[in-house]
file input_25.cif (mmCIF, C-alpha atoms and all ligand atoms)
data_entry
loop_
_atom_site.group_PDB
_atom_site.id
_atom_site.type_symbol
_atom_site.label_atom_id
_atom_site.label_comp_id
_atom_site.auth_asym_id
_atom_site.auth_seq_id
_atom_site.Cartn_x
_atom_site.Cartn_y
_atom_site.Cartn_z
ATOM 1 C CA MET A 1 0.000 0.000 0.000
ATOM 2 C CA ALA A 2 1.398 3.469 -0.908
ATOM 3 C CA ASP A 3 2.587 5.640 2.043
ATOM 4 C CA ASN A 4 0.433 8.642 1.287
ATOM 5 C CA ASP A 5 -2.852 6.869 0.746
ATOM 6 C CA SER A 6 -4.195 8.621 3.826
ATOM 7 C CA LEU A 7 -3.730 12.097 2.197
ATOM 8 C CA ALA A 8 -6.664 13.582 0.393
ATOM 9 C CA GLU A 9 -5.894 13.481 -3.336
ATOM 10 C CA GLY A 10 -6.443 17.237 -3.736
ATOM 11 C CA ASP A 11 -3.730 18.052 -1.164
ATOM 12 C CA ARG A 12 -1.105 16.316 -3.212
ATOM 13 C CA PHE A 13 -1.938 18.241 -6.377
ATOM 14 C CA SER A 14 -2.144 21.679 -4.694
ATOM 15 C CA PRO A 15 -4.759 22.803 -7.217
ATOM 16 C CA SER A 16 -5.082 26.262 -5.637
ATOM 17 C CA VAL A 17 -1.321 27.029 -5.969
ATOM 18 C CA PRO A 18 -0.368 28.629 -9.315
ATOM 19 C CA PRO A 19 2.526 26.961 -11.133
ATOM 20 C CA HIS A 20 5.883 28.367 -10.157
ATOM 21 C CA ALA A 21 8.139 29.024 -13.139
ATOM 22 C CA GLU A 22 11.204 31.158 -12.618
ATOM 23 C CA PRO A 23 12.053 33.127 -15.768
ATOM 24 C CA TYR A 24 15.695 33.182 -16.822
ATOM 25 C CA GLN A 25 16.886 36.741 -16.305
ATOM 26 C CA LEU A 26 20.155 37.099 -18.195
ATOM 27 C CA LYS A 27 19.981 39.837 -20.808
ATOM 28 C CA GLY A 28 18.718 38.552 -24.134
ATOM 29 C CA ALA A 29 18.591 34.959 -22.935
ATOM 30 C CA SER A 30 14.982 34.509 -21.863
ATOM 31 C CA GLY A 31 14.013 32.874 -25.159
ATOM 32 C CA LEU A 32 16.877 30.405 -25.269
ATOM 33 C CA ASP A 33 16.471 26.695 -24.814
ATOM 34 C CA TRP A 34 16.891 25.148 -21.372
ATOM 35 C CA GLY A 35 20.319 23.650 -22.038
ATOM 36 C CA MET A 36 21.681 26.939 -23.318
ATOM 37 C CA GLN A 37 20.300 28.802 -20.297
ATOM 38 C CA SER A 38 21.672 26.171 -17.965
ATOM 39 C CA ARG A 39 25.174 26.561 -19.409
ATOM 40 C CA LEU A 40 24.958 30.367 -19.222
ATOM 41 C CA ALA A 41 23.787 30.095 -15.630
ATOM 42 C CA ARG A 42 27.020 28.294 -14.792
ATOM 43 C CA VAL A 43 29.087 31.143 -16.244
ATOM 44 C CA PHE A 44 26.981 34.084 -14.995
ATOM 45 C CA ARG A 45 25.937 33.758 -11.358
ATOM 46 C CA PRO A 46 22.148 33.621 -11.323
ATOM 47 C CA ALA A 47 22.078 35.786 -8.170
ATOM 48 C CA ASP A 48 23.429 38.864 -9.946
ATOM 49 C CA GLY A 49 23.823 37.882 -13.606
ATOM 50 C CA ARG A 50 27.535 38.704 -13.491
ATOM 51 C CA THR A 51 30.755 36.796 -14.019
ATOM 52 C CA VAL A 52 34.440 36.956 -13.282
ATOM 53 C CA MET A 53 35.878 34.979 -16.142
ATOM 54 C CA LEU A 54 39.594 34.305 -16.069
ATOM 55 C CA ALA A 55 41.093 34.451 -19.574
ATOM 56 C CA ILE A 56 44.172 32.302 -20.119
ATOM 57 C CA ASP A 57 43.766 31.533 -23.815
ATOM 58 C CA HIS A 58 46.674 33.738 -24.931
ATOM 59 C CA GLY A 59 48.902 30.779 -25.792
ATOM 60 C CA TYR A 60 46.787 29.888 -28.807
ATOM 61 C CA PHE A 61 48.444 32.681 -30.769
ATOM 62 C CA GLN A 62 51.184 34.041 -28.470
ATOM 63 C CA GLY A 63 52.785 30.935 -27.001
ATOM 64 C CA PRO A 64 53.838 30.965 -23.330
ATOM 65 C CA THR A 65 53.051 34.561 -22.490
ATOM 66 C CA SER A 66 54.353 36.038 -19.247
ATOM 67 C CA GLY A 67 52.426 34.531 -16.338
ATOM 68 C CA LEU A 68 51.266 31.512 -18.330
ATOM 69 C CA GLU A 69 54.596 29.689 -18.583
ATOM 70 C CA ARG A 70 53.319 27.074 -16.134
ATOM 71 C CA VAL A 71 49.533 27.063 -16.030
ATOM 72 C CA ASP A 72 49.596 24.198 -13.535
ATOM 73 C CA LEU A 73 51.461 26.396 -11.065
ATOM 74 C CA SER A 74 50.110 29.875 -11.792
ATOM 75 C CA ILE A 75 46.491 29.306 -12.800
ATOM 76 C CA VAL A 76 45.197 26.153 -11.146
ATOM 77 C CA PRO A 77 45.348 27.800 -7.675
ATOM 78 C CA LEU A 78 43.136 30.627 -9.016
ATOM 79 C CA LEU A 79 40.352 28.395 -10.311
ATOM 80 C CA ARG A 80 38.351 28.426 -7.106
ATOM 81 C CA TYR A 81 38.000 32.219 -7.333
ATOM 82 C CA ALA A 82 36.890 32.322 -10.979
ATOM 83 C CA ASP A 83 33.296 31.951 -12.141
ATOM 84 C CA ALA A 84 34.589 30.546 -15.431
ATOM 85 C CA LEU A 85 37.870 29.819 -17.162
ATOM 86 C CA MET A 86 38.435 30.841 -20.776
ATOM 87 C CA THR A 87 41.029 28.517 -22.212
ATOM 88 C CA THR A 88 41.980 26.115 -24.989
ATOM 89 C CA ARG A 89 41.180 22.430 -25.281
ATOM 90 C CA GLY A 90 44.875 21.599 -25.140
ATOM 91 C CA MET A 91 45.211 23.307 -21.788
ATOM 92 C CA VAL A 92 41.958 21.791 -20.514
ATOM 93 C CA ARG A 93 43.011 18.230 -21.268
ATOM 94 C CA SER A 94 46.631 18.560 -20.237
ATOM 95 C CA THR A 95 46.492 20.759 -17.175
ATOM 96 C CA ILE A 96 43.088 21.775 -15.807
ATOM 97 C CA PRO A 97 41.833 19.320 -13.181
ATOM 98 C CA SER A 98 38.527 17.831 -14.323
ATOM 99 C CA GLY A 99 37.376 17.905 -10.696
ATOM 100 C CA SER A 100 37.852 21.663 -10.340
ATOM 101 C CA GLY A 101 34.239 22.292 -11.267
ATOM 102 C CA THR A 102 35.124 25.629 -12.855
ATOM 103 C CA PRO A 103 32.995 26.087 -15.988
ATOM 104 C CA ILE A 104 35.029 26.161 -19.176
ATOM 105 C CA VAL A 105 34.600 28.747 -21.927
ATOM 106 C CA LEU A 106 36.461 27.042 -24.718
ATOM 107 C CA ARG A 107 38.546 28.925 -27.254
ATOM 108 C CA ALA A 108 37.227 27.658 -30.573
ATOM 109 C CA SER A 109 39.015 29.787 -33.180
ATOM 110 C CA GLY A 110 42.667 29.988 -34.113
ATOM 111 C CA GLY A 111 45.248 29.543 -36.803
ATOM 112 C CA PRO A 112 47.690 32.418 -37.210
ATOM 113 C CA SER A 113 50.379 33.165 -34.661
ATOM 114 C CA VAL A 114 51.571 36.628 -33.651
ATOM 115 C CA LEU A 115 54.022 36.312 -36.533
ATOM 116 C CA LYS A 116 51.208 36.430 -39.109
ATOM 117 C CA GLU A 117 47.960 38.252 -39.879
ATOM 118 C CA LEU A 118 45.900 37.564 -36.756
ATOM 119 C CA SER A 119 42.506 38.059 -38.352
ATOM 120 C CA ASP A 120 43.060 35.055 -40.646
ATOM 121 C CA GLU A 121 41.482 32.648 -38.156
ATOM 122 C CA GLN A 122 39.485 29.476 -38.732
ATOM 123 C CA ILE A 123 37.242 27.481 -36.473
ATOM 124 C CA ALA A 124 39.634 25.363 -34.455
ATOM 125 C CA VAL A 125 37.335 23.109 -32.400
ATOM 126 C CA SER A 126 34.295 21.059 -33.392
ATOM 127 C CA MET A 127 31.127 21.496 -31.371
ATOM 128 C CA GLU A 128 31.251 17.780 -30.690
ATOM 129 C CA ASP A 129 34.604 18.158 -28.954
ATOM 130 C CA ALA A 130 33.407 21.206 -27.026
ATOM 131 C CA ILE A 131 30.526 19.130 -25.683
ATOM 132 C CA ARG A 132 32.887 16.228 -24.910
ATOM 133 C CA ILE A 133 34.914 18.659 -22.801
ATOM 134 C CA ASN A 134 31.680 19.782 -21.132
ATOM 135 C CA ALA A 135 32.270 23.383 -22.180
ATOM 136 C CA CYS A 136 29.707 25.914 -20.980
ATOM 137 C CA ALA A 137 30.386 28.147 -23.991
ATOM 138 C CA VAL A 138 32.733 28.449 -26.945
ATOM 139 C CA ALA A 139 34.700 31.613 -27.758
ATOM 140 C CA VAL A 140 35.529 32.955 -31.180
ATOM 141 C CA GLN A 141 37.469 36.017 -32.269
ATOM 142 C CA VAL A 142 35.647 38.481 -34.549
ATOM 143 C CA PHE A 143 37.737 41.080 -36.396
ATOM 144 C CA ILE A 144 35.388 43.883 -37.418
ATOM 145 C CA GLY A 145 37.378 46.166 -39.697
ATOM 146 C CA GLY A 146 40.171 43.613 -39.914
ATOM 147 C CA GLU A 147 41.606 42.144 -43.090
ATOM 148 C CA PHE A 148 39.674 38.874 -42.703
ATOM 149 C CA GLU A 149 36.551 40.435 -41.232
ATOM 150 C CA THR A 150 34.050 38.377 -43.244
ATOM 151 C CA GLN A 151 35.866 35.107 -42.598
ATOM 152 C CA SER A 152 35.923 35.760 -38.862
ATOM 153 C CA VAL A 153 32.219 36.658 -38.866
ATOM 154 C CA ARG A 154 31.570 33.451 -40.778
ATOM 155 C CA ASN A 155 33.499 31.485 -38.134
ATOM 156 C CA MET A 156 31.208 32.972 -35.522
ATOM 157 C CA THR A 157 27.970 32.323 -37.392
ATOM 158 C CA ARG A 158 28.940 28.706 -38.054
ATOM 159 C CA LEU A 159 29.619 28.220 -34.365
ATOM 160 C CA VAL A 160 26.309 29.901 -33.540
ATOM 161 C CA ASP A 161 24.489 27.477 -35.845
ATOM 162 C CA GLU A 162 26.189 24.530 -34.191
ATOM 163 C CA GLY A 163 25.736 25.992 -30.731
ATOM 164 C CA GLN A 164 22.022 26.491 -31.317
ATOM 165 C CA ARG A 165 21.767 22.862 -32.372
ATOM 166 C CA TYR A 166 23.433 21.517 -29.246
ATOM 167 C CA GLY A 167 22.658 24.171 -26.651
ATOM 168 C CA VAL A 168 26.151 25.649 -26.401
ATOM 169 C CA PRO A 169 26.400 29.462 -26.099
ATOM 170 C CA VAL A 170 28.878 31.393 -28.252
ATOM 171 C CA LEU A 171 31.013 34.183 -26.842
ATOM 172 C CA ALA A 172 32.210 36.565 -29.556
ATOM 173 C CA VAL A 173 35.464 38.321 -28.770
ATOM 174 C CA THR A 174 35.746 41.649 -30.560
ATOM 175 C CA ALA A 175 39.378 41.911 -31.571
ATOM 176 C CA VAL A 176 40.527 45.460 -32.210
ATOM 177 C CA GLY A 177 43.461 45.729 -34.599
ATOM 178 C CA LYS A 178 46.212 48.276 -33.918
ATOM 179 C CA GLU A 179 44.953 50.485 -36.747
ATOM 180 C CA LEU A 180 41.484 50.803 -35.165
ATOM 181 C CA THR A 181 40.384 53.104 -32.345
ATOM 182 C CA ARG A 182 38.801 51.572 -29.268
ATOM 183 C CA ASP A 183 36.145 54.229 -28.943
ATOM 184 C CA ALA A 184 32.424 53.826 -28.291
ATOM 185 C CA ARG A 185 31.568 54.278 -31.943
ATOM 186 C CA TYR A 186 33.753 51.343 -32.997
ATOM 187 C CA LEU A 187 32.814 49.165 -30.019
ATOM 188 C CA ARG A 188 29.087 49.739 -30.641
ATOM 189 C CA LEU A 189 29.570 48.653 -34.231
ATOM 190 C CA ALA A 190 31.583 45.537 -33.414
ATOM 191 C CA THR A 191 29.498 44.324 -30.463
ATOM 192 C CA ARG A 192 26.187 44.941 -32.189
ATOM 193 C CA ILE A 193 27.257 43.031 -35.301
ATOM 194 C CA CYS A 194 28.238 40.054 -33.143
ATOM 195 C CA ALA A 195 24.933 40.088 -31.267
ATOM 196 C CA GLU A 196 22.814 40.607 -34.377
ATOM 197 C CA LEU A 197 24.466 37.621 -36.014
ATOM 198 C CA GLY A 198 23.737 35.403 -33.046
ATOM 199 C CA ALA A 199 26.447 35.628 -30.389
ATOM 200 C CA HIS A 200 25.015 34.912 -26.953
ATOM 201 C CA VAL A 201 27.691 36.902 -25.106
ATOM 202 C CA VAL A 202 30.147 39.521 -26.387
ATOM 203 C CA LYS A 203 33.552 40.329 -24.982
ATOM 204 C CA THR A 204 34.851 43.810 -25.656
ATOM 205 C CA TYR A 205 37.167 46.481 -24.354
ATOM 206 C CA TYR A 206 36.196 49.298 -22.025
ATOM 207 C CA CYS A 207 36.270 52.862 -23.311
ATOM 208 C CA ALA A 208 36.311 55.857 -20.999
ATOM 209 C CA GLN A 209 33.700 57.783 -22.982
ATOM 210 C CA ASP A 210 30.163 56.470 -23.480
ATOM 211 C CA PHE A 211 30.760 52.827 -22.656
ATOM 212 C CA ASP A 212 27.168 52.755 -21.399
ATOM 213 C CA THR A 213 26.019 53.300 -24.990
ATOM 214 C CA VAL A 214 27.978 50.193 -26.002
ATOM 215 C CA THR A 215 26.262 48.018 -23.396
ATOM 216 C CA ALA A 216 22.869 49.632 -24.049
ATOM 217 C CA ALA A 217 23.027 48.975 -27.783
ATOM 218 C CA CYS A 218 24.062 45.351 -27.368
ATOM 219 C CA PRO A 219 21.057 43.082 -26.704
ATOM 220 C CA VAL A 220 23.144 40.349 -25.047
ATOM 221 C CA PRO A 221 25.547 40.487 -22.079
ATOM 222 C CA ILE A 222 28.870 42.218 -22.549
ATOM 223 C CA VAL A 223 31.902 41.113 -20.591
ATOM 224 C CA MET A 224 34.794 43.524 -20.338
ATOM 225 C CA ALA A 225 38.169 42.467 -21.723
ATOM 226 C CA GLY A 226 41.119 43.266 -19.521
ATOM 227 C CA GLY A 227 43.830 44.126 -22.025
ATOM 228 C CA LYS A 228 47.455 44.781 -21.209
ATOM 229 C CA LYS A 229 48.589 44.860 -17.599
ATOM 230 C CA LEU A 230 47.714 48.029 -15.714
ATOM 231 C CA PRO A 231 48.480 49.075 -12.142
ATOM 232 C CA GLU A 232 45.991 47.144 -9.972
ATOM 233 C CA LEU A 233 44.000 50.213 -8.896
ATOM 234 C CA ASP A 234 43.536 51.232 -12.526
ATOM 235 C CA ALA A 235 42.388 47.755 -13.518
ATOM 236 C CA LEU A 236 39.929 47.639 -10.614
ATOM 237 C CA THR A 237 38.636 51.089 -11.533
ATOM 238 C CA MET A 238 38.116 50.001 -15.132
ATOM 239 C CA ALA A 239 36.230 46.859 -14.014
ATOM 240 C CA TYR A 240 34.112 48.902 -11.608
ATOM 241 C CA ARG A 241 33.151 51.437 -14.260
ATOM 242 C CA ALA A 242 32.415 48.733 -16.808
ATOM 243 C CA VAL A 243 29.908 46.938 -14.578
ATOM 244 C CA GLU A 244 28.421 50.231 -13.369
ATOM 245 C CA GLU A 245 27.945 51.129 -17.024
ATOM 246 C CA GLY A 246 26.180 47.907 -17.897
ATOM 247 C CA ALA A 247 28.737 45.140 -18.385
ATOM 248 C CA ALA A 248 27.745 41.739 -17.027
ATOM 249 C CA GLY A 249 31.197 41.222 -15.591
ATOM 250 C CA VAL A 250 34.715 40.807 -16.853
ATOM 251 C CA ASP A 251 36.850 38.383 -18.808
ATOM 252 C CA MET A 252 40.315 39.360 -17.591
ATOM 253 C CA GLY A 253 43.644 37.706 -18.058
ATOM 254 C CA ARG A 254 46.896 39.624 -17.754
ATOM 255 C CA ASN A 255 45.550 42.063 -15.186
ATOM 256 C CA ILE A 256 45.024 39.065 -12.930
ATOM 257 C CA PHE A 257 47.719 36.513 -13.670
ATOM 258 C CA GLN A 258 50.473 39.120 -14.194
ATOM 259 C CA SER A 259 49.667 40.827 -10.900
ATOM 260 C CA ASP A 260 52.195 40.541 -8.072
ATOM 261 C CA ASP A 261 49.494 38.688 -6.174
ATOM 262 C CA PRO A 262 47.061 36.997 -8.582
ATOM 263 C CA VAL A 263 44.936 35.462 -5.801
ATOM 264 C CA ALA A 264 44.447 38.821 -4.079
ATOM 265 C CA MET A 265 43.756 40.454 -7.427
ATOM 266 C CA ILE A 266 41.112 37.997 -8.620
ATOM 267 C CA ARG A 267 39.422 38.279 -5.219
ATOM 268 C CA ALA A 268 39.457 42.068 -5.480
ATOM 269 C CA VAL A 269 37.993 41.893 -8.986
ATOM 270 C CA GLY A 270 35.318 39.534 -7.674
ATOM 271 C CA ALA A 271 34.398 42.017 -4.932
ATOM 272 C CA VAL A 272 34.063 44.797 -7.510
ATOM 273 C CA VAL A 273 31.984 42.708 -9.909
ATOM 274 C CA HIS A 274 29.753 40.838 -7.485
ATOM 275 C CA ASP A 275 29.589 43.167 -4.482
ATOM 276 C CA SER A 276 29.966 46.505 -6.293
ATOM 277 C CA LEU A 277 32.877 47.342 -3.988
ATOM 278 C CA LYS A 278 34.398 50.712 -4.822
ATOM 279 C CA PRO A 279 37.785 50.471 -6.589
ATOM 280 C CA GLN A 280 39.780 52.051 -3.755
ATOM 281 C CA GLU A 281 38.240 49.684 -1.186
ATOM 282 C CA ALA A 282 38.933 46.729 -3.435
ATOM 283 C CA TYR A 283 42.497 47.946 -3.877
ATOM 284 C CA ASP A 284 42.919 48.255 -0.110
ATOM 285 C CA ARG A 285 41.775 44.661 0.195
ATOM 286 C CA PHE A 286 44.249 43.710 -2.508
ATOM 287 C CA LEU A 287 47.069 45.401 -0.569
ATOM 288 C CA ARG A 288 46.024 43.672 2.660
ATOM 289 C CA ARG A 289 45.664 40.364 0.791
ATOM 290 C CA ALA A 290 42.284 40.229 2.480
ATOM 291 C CA PRO A 291 39.377 38.041 1.271
HETATM 292 C C1 LIG B 1 42.507 37.337 -27.527
HETATM 293 O O1 LIG B 1 42.380 38.441 -27.859
HETATM 294 C C2 LIG B 1 42.051 36.714 -26.302
HETATM 295 O O2 LIG B 1 40.752 36.875 -26.050
HETATM 296 C C3 LIG B 1 43.022 36.941 -25.235
HETATM 297 O O3 LIG B 1 43.954 35.915 -25.337
HETATM 298 C C4 LIG B 1 42.584 37.078 -23.847
HETATM 299 O O4 LIG B 1 41.328 36.614 -23.608
HETATM 300 C C5 LIG B 1 42.786 38.474 -23.435
HETATM 301 O O5 LIG B 1 42.762 38.642 -22.061
HETATM 302 P P1 LIG B 1 43.475 39.894 -21.406
HETATM 303 O O6 LIG B 1 43.511 40.963 -22.433
HETATM 304 O O7 LIG B 1 42.614 40.265 -20.252
HETATM 305 O O8 LIG B 1 44.829 39.466 -20.989
#

call {"tool": "encode", "arguments": {"input": "input_25.cif", "output": "structure tokens"}}
result
Amino acid sequence: MADNDSLAEGDRFSPSVPPHAEPYQLKGASGLDWGMQSRLARVFRPADGRTVMLAIDHGYFQGPTSGLERVDLSIVPLLRYADALMTTRGMVRSTIPSGSGTPIVLRASGGPSVLKELSDEQIAVSMEDAIRINACAVAVQVFIGGEFETQSVRNMTRLVDEGQRYGVPVLAVTAVGKELTRDARYLRLATRICAELGAHVVKTYYCAQDFDTVTAACPVPIVMAGGKKLPELDALTMAYRAVEEGAAGVDMGRNIFQSDDPVAMIRAVGAVVHDSLKPQEAYDRFLRRAP
């Protein structure tokens, strides 16, 4: 005899209680399929819709850049403080502990090294392999205004088609060539093109003037790229302004792993992004090596 036979049937069905369905809140993502939302929810904390992504994918075109000579020693200890890790499949399989639990945003484009024309990229990972790795998103470089602009856009749209099929979000990285100006006008153009053509998340640089127009014009979340190493207070200030002006977090590399104290720095960035800590307070924490 079933345990709950003594309950009135109506009690078990709670007919007077309306169905509870929590809508998915991330910008531009409410219409996505469940699997896609679930992966995004691992990268962007559902509590605040923000992320601190740690970018260590530089080796795919630069080789062992400063701070990434030994990823096992320099990066693995940082994983617990990152909401997601942006890296390559080679580094995932060789060096990142599968038990770390840190969601992977998998670099999926590549080809040319720093010795060649960087915009001449191809898709470098199949969606099947991204899923095998259990990636929560794939990342592709898009070179708006670059020599191989159309090819890089095509790389992105092919990944978007595949990602839609399997529920894997695509992060478009807007690469800004040396000849281009990182101003709001250019960043609006590049980020909007990526979003219009299907990217689920866009990574772009911060600009001091009108960055809020860049985030406002982009219908999907923007994560701020870190760029070259700055003094820690400057990097924290840039991250603070970016999220205040509408970014859904950061995807920073060198400003974290090239810091004198990468653990203190990623914690300080986390406090800025998730707790809206003011830059000076976050910097004081960094100096004190405080959590
Ligand atoms: C290429 O442009 C990549 O996205 C970078 O390798 C990386 O993600 C950049 O990170 P950061 O500029 O913060 O060092």

call {"tool": "resolve_selection", "arguments": {"input": "input_25.cif", "expression": "the PyMOL selection byres (((chain A and resi 168) around 7) and not hetatm)", "output": "list in words"}}
result
Met36, Cys136, Ala137, Gly163, Gln164, Tyr166, Gly167, Pro169 and Val170 of chain A

call {"tool": "closest_atom_pairs", "arguments": {"input": "input_25.cif", "of": "chain A", "to": "ligand LIG 1 (chain B)", "cutoff": "6 Å", "atoms": "all atoms listed in the file", "output": "Markdown table"}}
result
| residue | atom | partner | partner_atom | distance |
| --- | --- | --- | --- | --- |
| A:Ala55 | CA | B:LIG1 | O4 | 4.6 |
| A:Asp57 | CA | B:LIG1 | O3 | 4.6 |
| A:His58 | CA | B:LIG1 | O3 | 3.5 |
| A:Ala175 | CA | B:LIG1 | O1 | 5.9 |
| A:Ala225 | CA | B:LIG1 | O7 | 5.2 |
| A:Gly226 | CA | B:LIG1 | O7 | 3.4 |
| A:Gly227 | CA | B:LIG1 | O6 | 3.2 |
| A:Lys228 | CA | B:LIG1 | O6 | 5.6 |
| A:Met252 | CA | B:LIG1 | O7 | 3.6 |
| A:Gly253 | CA | B:LIG1 | O7 | 3.5 |
| A:Arg254 | CA | B:LIG1 | O8 | 3.8 |

call {"tool": "closest_residue", "arguments": {"input": "input_25.cif", "among": "A:Arg50, A:Arg192, A:His20, A:Arg39", "to": "Ile131 in chain A", "atoms": "all atoms listed in the file"}}
result
A:Arg39

call {"tool": "closest_residue", "arguments": {"input": "input_25.cif", "among": "A:Gln258, A:Gln141, A:Thr204, A:Ser98", "to": "Gly111 in chain A", "atoms": "only C-alpha atoms"}}
result
A:Gln141

call {"tool": "atom_distance", "arguments": {"input": "input_25.cif", "atom1": "CA of Thr157 in chain A", "atom2": "CA of Pro64 in chain A"}}
result
29.5 Å

call {"tool": "resolve_selection", "arguments": {"input": "input_25.cif", "expression": "the PyMOL selection byres (((chain A and resi 262-275) around 8) and not hetatm)", "output": "PyMOL selection string"}}
result
chain A and resi 48+50-52+77-78+81-82+232+236+239-240+243+249-250+256-261+276-279+282-283+285-287+289-291

call {"tool": "atom_distance", "arguments": {"input": "input_25.cif", "atom1": "CA of Thr65 in chain A", "atom2": "CA of Val140 in chain A"}}
result
19.6 Å

call {"tool": "atom_distance", "arguments": {"input": "input_25.cif", "atom1": "CA of Gly246 in chain A", "atom2": "CA of Gly110 in chain A"}}
result
29.3 Å

call {"tool": "residues_around", "arguments": {"input": "input_25.cif", "residues": "Pro103 in chain A", "least_positions_apart": "6", "cutoff": "12 Å", "atoms": "only C-alpha atoms", "output": "PyMOL selection string"}}
result
chain A and resi 38-45+51-54+79-87+92+96-97+133-138

call {"tool": "write_last_selection", "arguments": {"input": "input_25.cif", "atoms": "C-alpha atoms", "output": "PDB file, keeping the file's coordinate frame"}}
result
ATOM      1  CA  SER A  38      21.672  26.171 -17.965  1.00  0.00           C
ATOM      2  CA  ARG A  39      25.174  26.561 -19.409  1.00  0.00           C
ATOM      3  CA  LEU A  40      24.958  30.367 -19.222  1.00  0.00           C
ATOM      4  CA  ALA A  41      23.787  30.095 -15.630  1.00  0.00           C
ATOM      5  CA  ARG A  42      27.020  28.294 -14.792  1.00  0.00           C
ATOM      6  CA  VAL A  43      29.087  31.143 -16.244  1.00  0.00           C
ATOM      7  CA  PHE A  44      26.981  34.084 -14.995  1.00  0.00           C
ATOM      8  CA  ARG A  45      25.937  33.758 -11.358  1.00  0.00           C
ATOM      9  CA  THR A  51      30.755  36.796 -14.019  1.00  0.00           C
ATOM     10  CA  VAL A  52      34.440  36.956 -13.282  1.00  0.00           C
ATOM     11  CA  MET A  53      35.878  34.979 -16.142  1.00  0.00           C
ATOM     12  CA  LEU A  54      39.594  34.305 -16.069  1.00  0.00           C
ATOM     13  CA  LEU A  79      40.352  28.395 -10.311  1.00  0.00           C
ATOM     14  CA  ARG A  80      38.351  28.426  -7.106  1.00  0.00           C
ATOM     15  CA  TYR A  81      38.000  32.219  -7.333  1.00  0.00           C
ATOM     16  CA  ALA A  82      36.890  32.322 -10.979  1.00  0.00           C
ATOM     17  CA  ASP A  83      33.296  31.951 -12.141  1.00  0.00           C
ATOM     18  CA  ALA A  84      34.589  30.546 -15.431  1.00  0.00           C
ATOM     19  CA  LEU A  85      37.870  29.819 -17.162  1.00  0.00           C
ATOM     20  CA  MET A  86      38.435  30.841 -20.776  1.00  0.00           C
ATOM     21  CA  THR A  87      41.029  28.517 -22.212  1.00  0.00           C
ATOM     22  CA  VAL A  92      41.958  21.791 -20.514  1.00  0.00           C
ATOM     23  CA  ILE A  96      43.088  21.775 -15.807  1.00  0.00           C
ATOM     24  CA  PRO A  97      41.833  19.320 -13.181  1.00  0.00           C
ATOM     25  CA  ILE A 133      34.914  18.659 -22.801  1.00  0.00           C
ATOM     26  CA  ASN A 134      31.680  19.782 -21.132  1.00  0.00           C
ATOM     27  CA  ALA A 135      32.270  23.383 -22.180  1.00  0.00           C
ATOM     28  CA  CYS A 136      29.707  25.914 -20.980  1.00  0.00           C
ATOM     29  CA  ALA A 137      30.386  28.147 -23.991  1.00  0.00           C
ATOM     30  CA  VAL A 138      32.733  28.449 -26.945  1.00  0.00           C
TER      31      VAL A 138
END

call {"tool": "resolve_selection", "arguments": {"input": "input_25.cif", "expression": "the PyMOL selection byres (((chain A and resi 112) around 12) and not hetatm)", "output": "list in words"}}
result
Gly59, Tyr60, Phe61, Gln62, Gly63, Ser109, Gly110, Gly111, Ser113, Val114, Leu115, Lys116, Glu117, Leu118, Ser119, Asp120, Glu121, Gln122, Ile123, Ala124, Gln141 and Phe148 of chain A

call {"tool": "closest_residue", "arguments": {"input": "input_25.cif", "among": "A:Ala217, A:Ala248, A:Lys203, A:Pro18", "to": "Leu189 in chain A", "atoms": "only C-alpha atoms"}}
result
A:Ala217

call {"tool": "build_atoms", "arguments": {"input": "input_25.cif", "residues": "range 105-114 of chain A", "atoms": "N, CA and C atoms", "output": "PDB file, keeping the file's coordinate frame"}}
result
ATOM      1  N   VAL A 105      34.969  28.042 -20.696  1.00  0.00           N
ATOM      2  CA  VAL A 105      34.600  28.747 -21.927  1.00  0.00           C
ATOM      3  C   VAL A 105      35.741  28.440 -22.899  1.00  0.00           C
ATOM      4  N   LEU A 106      35.418  27.664 -23.903  1.00  0.00           N
ATOM      5  CA  LEU A 106      36.461  27.042 -24.718  1.00  0.00           C
ATOM      6  C   LEU A 106      36.817  27.863 -25.947  1.00  0.00           C
ATOM      7  N   ARG A 107      38.059  28.232 -26.061  1.00  0.00           N
ATOM      8  CA  ARG A 107      38.546  28.925 -27.254  1.00  0.00           C
ATOM      9  C   ARG A 107      38.340  28.007 -28.466  1.00  0.00           C
ATOM     10  N   ALA A 108      37.601  28.509 -29.438  1.00  0.00           N
ATOM     11  CA  ALA A 108      37.227  27.658 -30.573  1.00  0.00           C
ATOM     12  C   ALA A 108      37.657  28.230 -31.915  1.00  0.00           C
ATOM     13  N   SER A 109      38.467  29.288 -31.913  1.00  0.00           N
ATOM     14  CA  SER A 109      39.015  29.787 -33.180  1.00  0.00           C
ATOM     15  C   SER A 109      40.518  29.895 -33.027  1.00  0.00           C
ATOM     16  N   GLY A 110      41.210  29.881 -34.158  1.00  0.00           N
ATOM     17  CA  GLY A 110      42.667  29.988 -34.113  1.00  0.00           C
ATOM     18  C   GLY A 110      43.253  29.818 -35.491  1.00  0.00           C
ATOM     19  N   GLY A 111      44.542  29.723 -35.538  1.00  0.00           N
ATOM     20  CA  GLY A 111      45.248  29.543 -36.803  1.00  0.00           C
ATOM     21  C   GLY A 111      46.529  30.338 -36.810  1.00  0.00           C
ATOM     22  N   PRO A 112      46.460  31.644 -37.098  1.00  0.00           N
ATOM     23  CA  PRO A 112      47.690  32.418 -37.210  1.00  0.00           C
ATOM     24  C   PRO A 112      48.326  32.708 -35.846  1.00  0.00           C
ATOM     25  N   SER A 113      49.641  32.766 -35.867  1.00  0.00           N
ATOM     26  CA  SER A 113      50.379  33.165 -34.661  1.00  0.00           C
ATOM     27  C   SER A 113      50.594  34.676 -34.700  1.00  0.00           C
ATOM     28  N   VAL A 114      51.219  35.196 -33.666  1.00  0.00           N
ATOM     29  CA  VAL A 114      51.571  36.628 -33.651  1.00  0.00           C
ATOM     30  C   VAL A 114      52.506  37.010 -34.796  1.00  0.00           C
TER      31      VAL A 114
END
